[in-house]
$ cat entry.txt   # compact mmCIF, C-alpha atoms and all ligand atoms
# COMPACT_ATOMS: atom_id res chain seq x y z
CA MET K 1 -0.43 24.15 10.60
CA PHE K 2 1.00 23.25 7.18
CA ALA K 3 -1.01 20.54 5.38
CA VAL K 4 -1.57 18.93 2.00
CA TYR K 5 -5.29 18.26 1.65
CA ALA K 6 -8.22 17.42 -0.59
CA ALA K 7 -10.62 20.36 -0.82
CA GLU K 8 -13.52 18.49 -2.42
CA PRO K 9 -14.12 15.33 -4.48
CA GLN K 10 -12.99 15.62 -8.12
CA PRO K 11 -13.76 12.28 -9.81
CA GLU K 12 -12.45 13.24 -13.27
CA SER K 13 -9.54 15.58 -12.46
CA PRO K 14 -8.25 14.58 -9.02
CA LEU K 15 -5.33 17.02 -8.96
CA ASP K 16 -7.80 19.95 -9.15
CA ALA K 17 -8.89 19.00 -5.61
CA LEU K 18 -5.33 19.08 -4.22
CA ARG K 19 -4.39 22.00 -1.95
CA VAL K 20 -1.07 22.83 -0.24
CA GLY K 21 -1.78 25.28 2.55
CA GLU K 22 -2.95 25.63 6.13
CA ARG K 23 -5.38 23.54 8.18
CA PRO K 24 -6.25 23.58 11.90
CA ASP K 25 -4.18 21.41 14.26
CA PRO K 26 -5.87 18.04 14.86
CA GLU K 27 -7.86 17.49 18.04
CA VAL K 28 -6.24 14.95 20.38
CA PRO K 29 -8.97 13.03 22.29
CA ASP K 30 -8.19 11.11 25.51
CA GLY K 31 -6.18 8.01 24.72
CA TRP K 32 -4.81 9.53 21.51
CA VAL K 33 -1.36 11.02 20.85
CA SER K 34 -0.12 13.82 18.63
CA VAL K 35 2.80 12.94 16.33
CA SER K 36 5.09 15.54 14.71
CA VAL K 37 5.35 14.14 11.20
CA ARG K 38 8.86 13.80 9.72
CA ALA K 39 7.93 11.81 6.63
CA ALA K 40 4.88 10.25 5.00
CA SER K 41 4.46 8.28 1.79
CA LEU K 42 2.10 8.72 -1.13
CA ASN K 43 -0.29 5.87 -1.86
CA MET K 44 -2.85 5.34 -4.60
CA HIS K 45 -5.40 5.70 -1.80
CA ASP K 46 -4.62 9.45 -1.73
CA LEU K 47 -5.57 9.72 -5.40
CA TRP K 48 -8.80 7.80 -4.68
CA THR K 49 -9.54 10.31 -1.90
CA LEU K 50 -9.05 13.26 -4.28
CA ARG K 51 -11.53 11.52 -6.61
CA GLY K 52 -14.00 11.08 -3.74
CA VAL K 53 -13.75 7.27 -3.69
CA GLY K 54 -14.04 5.65 -0.23
CA ILE K 55 -14.82 8.92 1.57
CA LYS K 56 -18.13 10.63 2.32
CA ALA K 57 -18.65 14.10 0.80
CA GLU K 58 -19.14 15.64 4.27
CA GLN K 59 -15.61 14.58 5.32
CA PHE K 60 -13.97 17.17 3.04
CA PRO K 61 -11.66 19.07 3.42
CA MET K 62 -9.46 16.11 4.33
CA ILE K 63 -5.71 16.12 5.01
CA LEU K 64 -4.16 13.39 2.86
CA GLY K 65 -1.59 10.73 3.84
CA CYS K 66 -2.38 7.24 5.20
CA ASP K 67 0.99 6.43 6.75
CA GLY K 68 4.05 8.13 8.20
CA ALA K 69 6.81 8.32 10.76
CA GLY K 70 7.54 11.01 13.26
CA VAL K 71 8.26 12.04 16.82
CA LEU K 72 6.10 12.04 19.98
CA ALA K 73 6.14 14.91 22.51
CA ASP K 74 8.66 12.94 24.66
CA GLY K 75 11.05 12.67 21.71
CA SER K 76 10.48 8.99 20.91
CA GLU K 77 10.60 8.11 17.22
CA VAL K 78 7.58 6.21 15.93
CA VAL K 79 5.98 4.55 12.91
CA LEU K 80 2.27 5.16 12.40
CA HIS K 81 -0.33 2.42 12.01
CA GLY K 82 -3.07 3.87 9.83
CA VAL K 83 -5.92 1.42 10.55
CA ILE K 84 -8.18 2.74 13.29
CA GLY K 85 -10.55 0.08 14.53
CA ASP K 86 -11.87 -2.02 17.36
CA THR K 87 -9.71 -5.04 18.18
CA SER K 88 -12.58 -6.97 19.81
CA HIS K 89 -13.09 -8.50 16.34
CA GLY K 90 -9.72 -10.20 16.82
CA ASP K 91 -8.17 -8.02 14.17
CA GLU K 92 -8.96 -4.36 13.59
CA THR K 93 -9.05 -4.88 9.81
CA PHE K 94 -12.17 -7.07 10.34
CA ASP K 95 -13.98 -4.37 12.34
CA PRO K 96 -16.87 -3.35 10.04
CA LYS K 97 -16.50 0.21 11.35
CA ARG K 98 -12.71 0.45 10.95
CA SER K 99 -11.35 3.37 9.02
CA LEU K 100 -8.01 4.26 7.48
CA LEU K 101 -6.44 7.63 8.14
CA THR K 102 -7.95 10.12 5.61
CA GLU K 103 -11.33 8.37 5.50
CA LYS K 104 -12.70 9.78 8.76
CA TYR K 105 -9.66 11.11 10.63
CA GLN K 106 -7.21 13.65 9.19
CA GLY K 107 -4.07 12.24 7.54
CA THR K 108 -0.31 12.56 7.78
CA PHE K 109 0.65 15.10 5.07
CA ALA K 110 0.88 17.81 7.72
CA ASP K 111 2.99 19.11 10.60
CA LYS K 112 1.00 16.96 13.04
CA VAL K 113 -1.36 14.01 13.06
CA ALA K 114 -3.44 12.57 15.93
CA VAL K 115 -3.92 8.81 16.32
CA PRO K 116 -4.97 6.40 19.09
CA ALA K 117 -1.97 5.62 21.34
CA ARG K 118 -1.94 1.98 20.13
CA ASN K 119 -1.42 3.24 16.57
CA VAL K 120 2.21 4.24 17.11
CA LEU K 121 5.05 1.70 17.15
CA PRO K 122 8.74 2.28 17.88
CA LYS K 123 10.70 3.15 14.73
CA PRO K 124 13.58 0.72 14.13
CA ARG K 125 16.88 2.60 14.11
CA SER K 126 17.82 0.79 10.90
CA LEU K 127 15.13 2.70 8.98
CA SER K 128 15.24 6.42 8.18
CA PHE K 129 12.04 8.41 8.75
CA GLY K 130 11.38 8.26 4.98
CA GLU K 131 11.85 4.49 4.88
CA ALA K 132 9.80 3.96 8.03
CA ALA K 133 6.98 6.03 6.51
CA CYS K 134 6.56 3.42 3.75
CA MET K 135 5.81 0.64 6.22
CA GLY K 136 2.28 1.55 7.33
CA THR K 137 0.44 1.16 4.03
CA ALA K 138 2.23 -0.35 1.01
CA TRP K 139 4.61 -2.58 2.96
CA LEU K 140 2.03 -3.63 5.54
CA THR K 141 -0.41 -4.50 2.75
CA ALA K 142 2.24 -6.57 0.96
CA TYR K 143 3.21 -8.30 4.23
CA ARG K 144 -0.35 -9.38 5.02
CA MET K 145 -1.04 -10.48 1.42
CA LEU K 146 2.10 -12.61 1.38
CA PHE K 147 2.49 -13.97 4.89
CA THR K 148 -1.05 -14.00 6.35
CA ARG K 149 -3.37 -14.45 3.40
CA SER K 150 -1.60 -16.32 0.57
CA GLY K 151 -0.60 -19.59 2.28
CA LEU K 152 2.56 -19.54 0.13
CA ARG K 153 5.63 -21.40 1.40
CA PRO K 154 9.33 -20.64 0.78
CA GLY K 155 10.42 -22.29 -2.46
CA GLN K 156 7.05 -21.77 -4.18
CA THR K 157 6.52 -19.41 -7.10
CA MET K 158 4.69 -16.11 -6.80
CA LEU K 159 3.69 -13.71 -9.57
CA VAL K 160 3.41 -9.99 -8.81
CA GLN K 161 1.31 -8.01 -11.29
CA GLY K 162 3.01 -4.60 -11.71
CA ALA K 163 6.70 -3.97 -11.21
CA SER K 164 7.36 -0.44 -10.04
CA GLY K 165 4.52 0.43 -7.66
CA GLY K 166 4.64 0.76 -3.88
CA VAL K 167 2.84 -2.51 -3.08
CA SER K 168 4.51 -4.41 -5.94
CA THR K 169 8.08 -3.42 -5.01
CA ALA K 170 7.31 -4.35 -1.38
CA LEU K 171 6.00 -7.77 -2.50
CA VAL K 172 9.15 -8.42 -4.52
CA SER K 173 11.50 -7.47 -1.67
CA LEU K 174 9.54 -9.40 0.98
CA GLY K 175 9.05 -12.45 -1.27
CA LYS K 176 12.73 -12.61 -2.11
CA ALA K 177 13.78 -12.22 1.53
CA ALA K 178 11.39 -15.04 2.53
CA GLY K 179 12.73 -17.49 -0.06
CA MET K 180 9.98 -17.48 -2.69
CA ARG K 181 10.68 -17.68 -6.44
CA VAL K 182 9.50 -14.22 -7.49
CA TRP K 183 8.14 -13.45 -10.95
CA VAL K 184 6.87 -10.03 -11.94
CA THR K 185 5.09 -8.39 -14.86
CA GLY K 186 5.93 -4.80 -15.73
CA ARG K 187 4.80 -2.39 -18.40
CA THR K 188 8.22 -1.12 -19.52
CA GLU K 189 11.75 -2.46 -19.77
CA GLU K 190 12.85 0.05 -17.12
CA LYS K 191 10.21 -1.09 -14.64
CA ARG K 192 11.05 -4.75 -15.25
CA ALA K 193 14.75 -3.98 -14.69
CA LEU K 194 13.85 -2.33 -11.37
CA ALA K 195 12.03 -5.48 -10.22
CA VAL K 196 15.03 -7.66 -11.14
CA SER K 197 17.37 -5.27 -9.28
CA LEU K 198 15.16 -5.77 -6.19
CA GLY K 199 15.53 -9.54 -6.39
CA ALA K 200 12.83 -10.75 -8.80
CA ASP K 201 13.98 -13.97 -10.44
CA GLU K 202 12.34 -13.03 -13.74
CA ALA K 203 10.33 -10.10 -15.07
CA PHE K 204 7.92 -10.45 -17.99
CA GLU K 205 5.94 -8.04 -20.18
CA SER K 206 2.39 -7.49 -18.93
CA GLY K 207 0.20 -10.34 -20.20
CA ALA K 208 3.13 -12.52 -21.36
CA ARG K 209 2.76 -16.32 -21.29
CA LEU K 210 4.83 -17.60 -18.36
CA PRO K 211 7.27 -20.56 -18.59
CA GLU K 212 5.07 -22.45 -16.12
CA ARG K 213 2.06 -21.85 -13.87
CA VAL K 214 2.57 -20.27 -10.45
CA ASP K 215 1.38 -21.07 -6.92
CA ALA K 216 0.01 -17.60 -6.16
CA VAL K 217 -0.63 -14.29 -7.93
CA PHE K 218 -0.58 -10.95 -6.14
CA GLU K 219 -3.08 -8.54 -7.69
CA THR K 220 -3.42 -4.81 -7.23
CA VAL K 221 -4.02 -3.90 -10.89
CA GLY K 222 -7.47 -5.41 -11.43
CA LYS K 223 -9.20 -5.35 -14.82
CA ALA K 224 -6.04 -4.95 -16.93
CA THR K 225 -4.29 -8.04 -15.52
CA TRP K 226 -7.07 -10.22 -14.05
CA GLY K 227 -7.42 -12.54 -17.06
CA HIS K 228 -3.67 -13.12 -17.09
CA SER K 229 -3.67 -13.78 -13.34
CA MET K 230 -6.37 -16.43 -13.72
CA LYS K 231 -4.54 -18.15 -16.61
CA SER K 232 -1.19 -18.09 -14.78
CA LEU K 233 -2.25 -20.19 -11.78
CA LYS K 234 -1.64 -23.85 -11.04
CA PRO K 235 -4.71 -25.90 -10.08
CA GLY K 236 -5.53 -25.01 -6.46
CA GLY K 237 -3.50 -21.79 -6.67
CA ALA K 238 -4.47 -18.49 -5.05
CA ILE K 239 -5.01 -14.94 -6.26
CA VAL K 240 -4.55 -12.50 -3.41
CA VAL K 241 -6.22 -9.18 -4.24
CA SER K 242 -5.75 -5.86 -2.47
CA GLY K 243 -6.46 -3.37 -5.21
CA ALA K 244 -7.96 -2.70 -8.63
CA THR K 245 -6.08 0.30 -10.01
CA SER K 246 -7.20 -0.23 -13.62
CA GLY K 247 -10.82 -0.95 -12.64
CA PRO K 248 -12.78 -3.39 -10.48
CA ASP K 249 -15.09 -4.84 -13.15
CA ALA K 250 -12.91 -7.73 -14.33
CA GLY K 251 -14.68 -10.80 -15.78
CA ALA K 252 -14.66 -13.50 -13.11
CA ASP K 253 -13.86 -16.40 -15.51
CA LEU K 254 -15.99 -18.67 -13.29
CA GLN K 255 -15.46 -21.77 -15.40
CA ARG K 256 -11.72 -21.61 -14.91
CA LEU K 257 -12.22 -20.69 -11.25
CA PHE K 258 -14.05 -23.91 -10.35
CA PHE K 259 -12.33 -26.17 -12.87
CA MET K 260 -8.85 -25.16 -11.64
CA GLN K 261 -10.06 -24.86 -8.00
CA ILE K 262 -8.63 -21.35 -7.79
CA ARG K 263 -8.86 -19.52 -4.49
CA VAL K 264 -9.56 -15.76 -4.63
CA ILE K 265 -8.52 -14.04 -1.40
CA GLY K 266 -9.14 -10.42 -0.48
CA SER K 267 -6.65 -8.56 1.69
CA MET K 268 -6.87 -5.17 3.36
CA MET K 269 -3.91 -3.29 4.90
CA GLY K 270 -2.83 -5.20 8.02
CA ASN K 271 -3.19 -5.19 11.79
CA ARG K 272 -0.89 -3.74 14.45
CA ASP K 273 0.77 -7.09 15.20
CA GLU K 274 1.57 -7.59 11.53
CA LEU K 275 3.09 -4.09 11.38
CA ALA K 276 5.26 -4.89 14.43
CA ASP K 277 6.37 -8.16 12.79
CA LEU K 278 7.05 -6.38 9.49
CA LEU K 279 9.28 -3.83 11.25
CA ALA K 280 11.16 -6.65 13.01
CA PHE K 281 11.51 -8.59 9.72
CA CYS K 282 12.97 -5.54 7.94
CA ASP K 283 15.32 -4.94 10.87
CA LEU K 284 16.48 -8.59 10.97
CA LYS K 285 16.96 -8.90 7.21
CA GLY K 286 18.34 -5.40 6.61
CA LEU K 287 15.41 -4.78 4.25
CA ARG K 288 14.64 -1.24 3.13
CA PRO K 289 11.84 0.04 0.94
CA THR K 290 12.78 1.29 -2.50
CA ILE K 291 12.14 5.02 -2.67
CA GLY K 292 11.99 6.31 -6.23
CA SER K 293 11.20 9.90 -5.36
CA GLU K 294 11.67 11.85 -2.12
CA LEU K 295 10.33 15.39 -2.03
CA PRO K 296 9.67 18.04 0.60
CA MET K 297 5.99 17.99 1.55
CA THR K 298 5.66 21.50 0.10
CA GLU K 299 6.27 19.93 -3.35
CA ALA K 300 3.69 17.18 -2.89
CA LYS K 301 1.93 18.09 -6.15
CA THR K 302 4.93 16.81 -8.14
CA GLY K 303 4.65 13.44 -6.40
CA PHE K 304 0.91 13.22 -7.12
CA GLU K 305 1.60 14.02 -10.80
CA GLN K 306 4.20 11.25 -10.94
CA MET K 307 1.81 8.67 -9.49
CA LEU K 308 -1.08 9.75 -11.72
CA ALA K 309 1.19 9.37 -14.77
CA GLY K 310 2.36 5.91 -13.62
CA GLU K 311 5.91 7.24 -13.23
CA THR K 312 6.78 5.15 -10.18
CA ALA K 313 10.08 3.49 -9.28
CA GLY K 314 9.14 2.27 -5.81
CA LYS K 315 7.66 4.57 -3.19
CA ILE K 316 7.10 8.33 -3.43
CA VAL K 317 7.94 9.90 -0.06
CA PHE K 318 7.29 13.39 1.31
CA THR K 319 9.50 14.78 4.07
CA ARG K 320 8.82 17.56 6.56
N1 LIG Z 401 -6.38 -2.90 0.13
C1 LIG Z 401 -5.36 -2.29 0.68
O1 LIG Z 401 -5.13 -2.41 1.89
C2 LIG Z 401 -4.44 -1.50 -0.18
C3 LIG Z 401 -3.28 -0.95 0.35
C4 LIG Z 401 -2.38 -0.33 -0.53
C5 LIG Z 401 -2.71 -0.22 -1.87
N2 LIG Z 401 -3.88 -0.71 -2.33
C6 LIG Z 401 -4.26 -0.61 -3.75
O2 LIG Z 401 -3.23 -1.20 -4.53
C7 LIG Z 401 -3.10 -0.51 -5.76
C8 LIG Z 401 -1.63 -0.08 -5.94
O3 LIG Z 401 -1.32 0.93 -4.99
P1 LIG Z 401 0.14 1.54 -4.93
O4 LIG Z 401 0.10 2.58 -3.86
O5 LIG Z 401 1.16 0.47 -4.90
O6 LIG Z 401 0.19 2.30 -6.35
P2 LIG Z 401 1.42 2.66 -7.29
O7 LIG Z 401 2.65 2.80 -6.45
O8 LIG Z 401 1.01 3.81 -8.14
O9 LIG Z 401 1.59 1.36 -8.21
C9 LIG Z 401 0.70 1.07 -9.25
C10 LIG Z 401 1.05 -0.32 -9.80
O10 LIG Z 401 0.00 -0.73 -10.65
C11 LIG Z 401 0.53 -1.19 -11.88
N3 LIG Z 401 -0.43 -0.81 -12.94
C12 LIG Z 401 -1.23 0.28 -12.95
N4 LIG Z 401 -2.00 0.28 -14.05
C13 LIG Z 401 -1.68 -0.82 -14.74
C14 LIG Z 401 -2.13 -1.37 -15.96
N5 LIG Z 401 -3.07 -0.76 -16.69
N6 LIG Z 401 -1.59 -2.52 -16.39
C15 LIG Z 401 -0.62 -3.14 -15.67
N7 LIG Z 401 -0.16 -2.65 -14.48
C16 LIG Z 401 -0.68 -1.49 -14.04
C17 LIG Z 401 1.86 -0.54 -12.03
O11 LIG Z 401 2.64 -1.40 -12.81
P3 LIG Z 401 4.00 -0.94 -13.57
O12 LIG Z 401 5.09 -1.05 -12.58
O13 LIG Z 401 4.14 -1.92 -14.68
O14 LIG Z 401 3.76 0.47 -14.02
C18 LIG Z 401 2.33 -0.40 -10.59
O15 LIG Z 401 3.06 -1.53 -10.19
C19 LIG Z 401 -4.09 0.66 -5.70
O16 LIG Z 401 -5.27 0.31 -6.38
C20 LIG Z 401 -4.36 0.83 -4.23
O17 LIG Z 401 -5.62 1.40 -3.96
C21 LIG Z 401 -4.73 -1.36 -1.51

$ encode --input "entry.txt" --output "structure tokens" --more "lines below"
Ligand SMILES: NC(=O)c1ccc[n+]([C@@H]2O[C@H](COP(=O)([O-])OP(=O)(O)OC[C@H]3O[C@@H](n4cnc5c(N)ncnc54)[C@H](OP(=O)(O)O)[C@@H]3O)[C@@H](O)[C@H]2O)c1
Amino acid sequence: MFAVYAAEPQPESPLDALRVGERPDPEVPDGWVSVSVRAASLNMHDLWTLRGVGIKAEQFPMILGCDGAGVLADGSEVVLHGVIGDTSHGDETFDPKRSLLTEKYQGTFADKVAVPARNVLPKPRSLSFGEAACMGTAWLTAYRMLFTRSGLRPGQTMLVQGASGGVSTALVSLGKAAGMRVWVTGRTEEKRALAVSLGADEAFESGARLPERVDAVFETVGKATWGHSMKSLKPGGAIVVSGATSGPDAGADLQRLFFMQIRVIGSMMGNRDELADLLAFCDLKGLRPTIGSELPMTEAKTGFEQMLAGETAGKIVFTR
């Protein structure tokens, strides 16, 4: 079948590992289903996979794509949940052996993908396949950060580091819909304008001093923004972290951490119930992900180049 895959790890030049070609159909064990993929979205995770981060060398070649939407054999339209894990831990994201699609099991940038039957949810009719494809990774991650992990209440102020990315645009849209005061930092005027168009109350240059301290900061950038995140928080505030795009080795600023009683909270994707609630929330509120670039899967390389260059304006989606 057609597939977009990583041939081998390429830490320095990830796009050299990218292949658009043919791979075998996935095996479908008992209790799993095969989904004909209609759309899937690009996530930074796919660039990490090309670099060999978070995947064992013996897992290559690996079909990329952590999320998607498609059709089952009986014609039902579904959204994919990309976290494969044991729910006896209460939440599959806490299963120490859980994996995301593309870490152990083949991903969604292909004609077909196989997942456990519990990992497909009905696609709301209000979302197109392309929009629904964005839900399983970036939007689910933003949903869990905001509603499960942060402890933020409507009316409080949140700061999102990064304006135009998949997770950041999802945080802005969800935060606005839930009644938070949403502040954003963005690297260019254009990216800041995008955040404001999505409902951010104010958008600031990266690192800018804010008018006042915030209740929670949402971090996916890491080293480049960590110091600013720490300085931007009210006493007792929270930093919710789900990524470190610019590097993980940020100084902890421990003195500020204890003196200001800052809470640092990790967050990883989301569970199936959260994905179901996210889909219902989008349906109820008429929320749709912002798609900056939609390309046929055959032109996936262009999307990867855009993400690598930081040329994002919301999600990058591939259709089949
Ligand atoms: N833990 C999880 O479950 C999970 C799930 C999804 C994503 N993630 C992680 O979250 C991160 C973002 O993923 P994504 O798919 O949203 O990527 P993306 O769409 O490419 O977005 C990247 C974002 O990072 C910002 N950024 C990058 N470098 C920056 C720098 N040097 N200074 C300031 N801002 C910078 C960009 O800000 P501008 O808008 O200003 O350019 C943009 O908002 C990745 O590290 C990814 O691995 C984690």

$ residues_around --input "entry.txt" --residues "range 176-186 of chain K" --least-positions-apart "6" --cutoff "6 Å" --atoms "all atoms listed in the file" --output "ChimeraX atom specification"
/K:154-163,192,199-206

$ closest_residue --input "entry.txt" --among "K:Val20, K:Ile84, K:Leu198, K:Val78" --to "Ala170 in chain K" --atoms "only C-alpha atoms"
K:Leu198

$ residues_near_ligand --input "entry.txt" --ligand "ligand LIG 401 (chain Z)" --cutoff "6 Å" --atoms "only C-alpha atoms and all ligand atoms" --output "list in words"
Asn43, Met44, His45, Thr137, Ala138, Thr141, Gly162, Ala163, Ser164, Gly165, Gly166, Val167, Ser168, Gly186, Arg187, Lys191, Thr220, Val221, Ala224, Ser242, Gly243, Ala244, Thr245, Ser246, Ser267, Met268, Met269, Met307 and Gly310 of chain K

$ atom_distance --input "entry.txt" --atom1 "CA of Lys123 in chain K" --atom2 "CA of Ala40 in chain K"
13.4 Å

$ residues_around --input "entry.txt" --residues "Val120 in chain K" --least-positions-apart "3" --cutoff "8 Å" --atoms "all atoms listed in the file" --output "PyMOL selection string"
chain K and resi 78-81+115-117

$ residues_near_point --input "entry.txt" --point "(4.7, 4.4, 7.7)" --cutoff "10 Å" --atoms "only C-alpha atoms" --output "number ranges by chain"
K: 39-41, 65-70, 78-82, 108, 120-121, 123, 129-140, 275

$ atom_distance --input "entry.txt" --atom1 "CA of Leu146 in chain K" --atom2 "CA of Asn271 in chain K"
13.8 Å

$ atom_distance --input "entry.txt" --atom1 "CA of Val172 in chain K" --atom2 "CA of Ile291 in chain K"
13.9 Å

$ closest_residue --input "entry.txt" --among "K:Lys234, K:His228, K:Arg38, K:Lys112" --to "Arg213 in chain K" --atoms "all atoms listed in the file"
K:Lys234

$ closest_residue --input "entry.txt" --among "K:Thr148, K:Thr188, K:Ser36, K:Ser128" --to "Val113 in chain K" --atoms "all atoms listed in the file"
K:Ser36

$ residues_around --input "entry.txt" --residues "range 50-58 of chain K" --least-positions-apart "5" --cutoff "8 Å" --atoms "all atoms listed in the file" --output "MDAnalysis selection string"
chainID K and resid 6 8:15 17:18 103:104

$ closest_residue --input "entry.txt" --among "K:Thr102, K:Thr169, K:Thr290, K:Ser126" --to "Pro61 in chain K" --atoms "only C-alpha atoms"
K:Thr102

$ residues_near_point --input "entry.txt" --point "(-11.3, -4.4, 12.4)" --cutoff "12 Å" --atoms "all atoms listed in the file" --output "PyMOL selection string"
chain K and resi 82-100+268-272

$ closest_residue --input "entry.txt" --among "K:Asp30, K:Asp215, K:Glu274, K:Glu299" --to "Ile262 in chain K" --atoms "only C-alpha atoms"
K:Asp215

$ closest_residue --input "entry.txt" --among "K:Gly222, K:Glu77, K:Phe304, K:Pro29" --to "Pro124 in chain K" --atoms "all atoms listed in the file"
K:Glu77

$ residues_around --input "entry.txt" --residues "Ala300 in chain K" --least-positions-apart "6" --cutoff "9 Å" --atoms "all atoms listed in the file" --output "list of chain:residue names"
K:Val4, K:Val20, K:Leu42, K:Phe109, K:Val317, K:Phe318

$ residues_around --input "entry.txt" --residues "range 21-26 of chain K" --least-positions-apart "5" --cutoff "9 Å" --atoms "all atoms listed in the file" --output "short mmCIF file (atom, residue, chain, number, x, y, z; two decimals) with C-alpha atoms, keeping the file's coordinate frame"
data_model
loop_
_atom_site.label_atom_id
_atom_site.label_comp_id
_atom_site.auth_asym_id
_atom_site.auth_seq_id
_atom_site.Cartn_x
_atom_site.Cartn_y
_atom_site.Cartn_z
CA MET K 1 -0.43 24.15 10.60
CA PHE K 2 1.00 23.25 7.18
CA ALA K 3 -1.01 20.54 5.38
CA VAL K 4 -1.57 18.93 2.00
CA TYR K 5 -5.29 18.26 1.65
CA SER K 34 -0.12 13.82 18.63
CA ILE K 63 -5.71 16.12 5.01
CA TYR K 105 -9.66 11.11 10.63
CA GLN K 106 -7.21 13.65 9.19
CA ALA K 110 0.88 17.81 7.72
CA ASP K 111 2.99 19.11 10.60
CA LYS K 112 1.00 16.96 13.04
CA VAL K 113 -1.36 14.01 13.06
CA ALA K 114 -3.44 12.57 15.93
CA THR K 298 5.66 21.50 0.10
#

$ build_atoms --input "entry.txt" --residues "range 54-71 of chain K" --atoms "N, CA and C atoms" --output "PDB file, keeping the file's coordinate frame"
ATOM      1  N   GLY K  54     -14.311   6.167  -1.577  1.00  0.00           N
ATOM      2  CA  GLY K  54     -14.040   5.650  -0.230  1.00  0.00           C
ATOM      3  C   GLY K  54     -14.110   6.705   0.854  1.00  0.00           C
ATOM      4  N   ILE K  55     -14.697   7.850   0.573  1.00  0.00           N
ATOM      5  CA  ILE K  55     -14.820   8.920   1.570  1.00  0.00           C
ATOM      6  C   ILE K  55     -16.147   9.635   1.328  1.00  0.00           C
ATOM      7  N   LYS K  56     -16.838   9.953   2.444  1.00  0.00           N
ATOM      8  CA  LYS K  56     -18.130  10.630   2.320  1.00  0.00           C
ATOM      9  C   LYS K  56     -17.897  12.116   2.010  1.00  0.00           C
ATOM     10  N   ALA K  57     -18.809  12.702   1.239  1.00  0.00           N
ATOM     11  CA  ALA K  57     -18.650  14.100   0.800  1.00  0.00           C
ATOM     12  C   ALA K  57     -18.492  15.049   1.989  1.00  0.00           C
ATOM     13  N   GLU K  58     -19.191  14.724   3.118  1.00  0.00           N
ATOM     14  CA  GLU K  58     -19.140  15.640   4.270  1.00  0.00           C
ATOM     15  C   GLU K  58     -17.794  15.606   5.007  1.00  0.00           C
ATOM     16  N   GLN K  59     -16.924  14.672   4.653  1.00  0.00           N
ATOM     17  CA  GLN K  59     -15.610  14.580   5.320  1.00  0.00           C
ATOM     18  C   GLN K  59     -14.587  15.573   4.752  1.00  0.00           C
ATOM     19  N   PHE K  60     -14.900  16.203   3.613  1.00  0.00           N
ATOM     20  CA  PHE K  60     -13.970  17.170   3.040  1.00  0.00           C
ATOM     21  C   PHE K  60     -14.095  18.506   3.767  1.00  0.00           C
ATOM     22  N   PRO K  61     -13.026  19.338   3.887  1.00  0.00           N
ATOM     23  CA  PRO K  61     -11.660  19.070   3.420  1.00  0.00           C
ATOM     24  C   PRO K  61     -10.977  18.021   4.289  1.00  0.00           C
ATOM     25  N   MET K  62     -10.136  17.212   3.642  1.00  0.00           N
ATOM     26  CA  MET K  62      -9.460  16.110   4.330  1.00  0.00           C
ATOM     27  C   MET K  62      -7.949  16.174   4.069  1.00  0.00           C
ATOM     28  N   ILE K  63      -7.177  16.192   5.155  1.00  0.00           N
ATOM     29  CA  ILE K  63      -5.710  16.120   5.010  1.00  0.00           C
ATOM     30  C   ILE K  63      -5.363  14.729   4.512  1.00  0.00           C
ATOM     31  N   LEU K  64      -4.518  14.662   3.480  1.00  0.00           N
ATOM     32  CA  LEU K  64      -4.160  13.390   2.860  1.00  0.00           C
ATOM     33  C   LEU K  64      -3.020  12.707   3.629  1.00  0.00           C
ATOM     34  N   GLY K  65      -2.699  11.456   3.216  1.00  0.00           N
ATOM     35  CA  GLY K  65      -1.590  10.730   3.840  1.00  0.00           C
ATOM     36  C   GLY K  65      -2.061   9.664   4.805  1.00  0.00           C
ATOM     37  N   CYS K  66      -1.863   8.372   4.406  1.00  0.00           N
ATOM     38  CA  CYS K  66      -2.380   7.240   5.200  1.00  0.00           C
ATOM     39  C   CYS K  66      -1.313   6.649   6.111  1.00  0.00           C
ATOM     40  N   ASP K  67      -0.065   7.031   5.932  1.00  0.00           N
ATOM     41  CA  ASP K  67       0.990   6.430   6.750  1.00  0.00           C
ATOM     42  C   ASP K  67       2.018   7.504   7.091  1.00  0.00           C
ATOM     43  N   GLY K  68       3.029   7.144   7.881  1.00  0.00           N
ATOM     44  CA  GLY K  68       4.050   8.130   8.200  1.00  0.00           C
ATOM     45  C   GLY K  68       4.926   7.684   9.347  1.00  0.00           C
ATOM     46  N   ALA K  69       5.917   8.535   9.618  1.00  0.00           N
ATOM     47  CA  ALA K  69       6.810   8.320  10.760  1.00  0.00           C
ATOM     48  C   ALA K  69       7.128   9.688  11.330  1.00  0.00           C
ATOM     49  N   GLY K  70       7.309   9.715  12.642  1.00  0.00           N
ATOM     50  CA  GLY K  70       7.540  11.010  13.260  1.00  0.00           C
ATOM     51  C   GLY K  70       7.986  10.877  14.696  1.00  0.00           C
ATOM     52  N   VAL K  71       7.716  11.942  15.466  1.00  0.00           N
ATOM     53  CA  VAL K  71       8.260  12.040  16.820  1.00  0.00           C
ATOM     54  C   VAL K  71       7.122  12.414  17.781  1.00  0.00           C
TER      55      VAL K  71
END
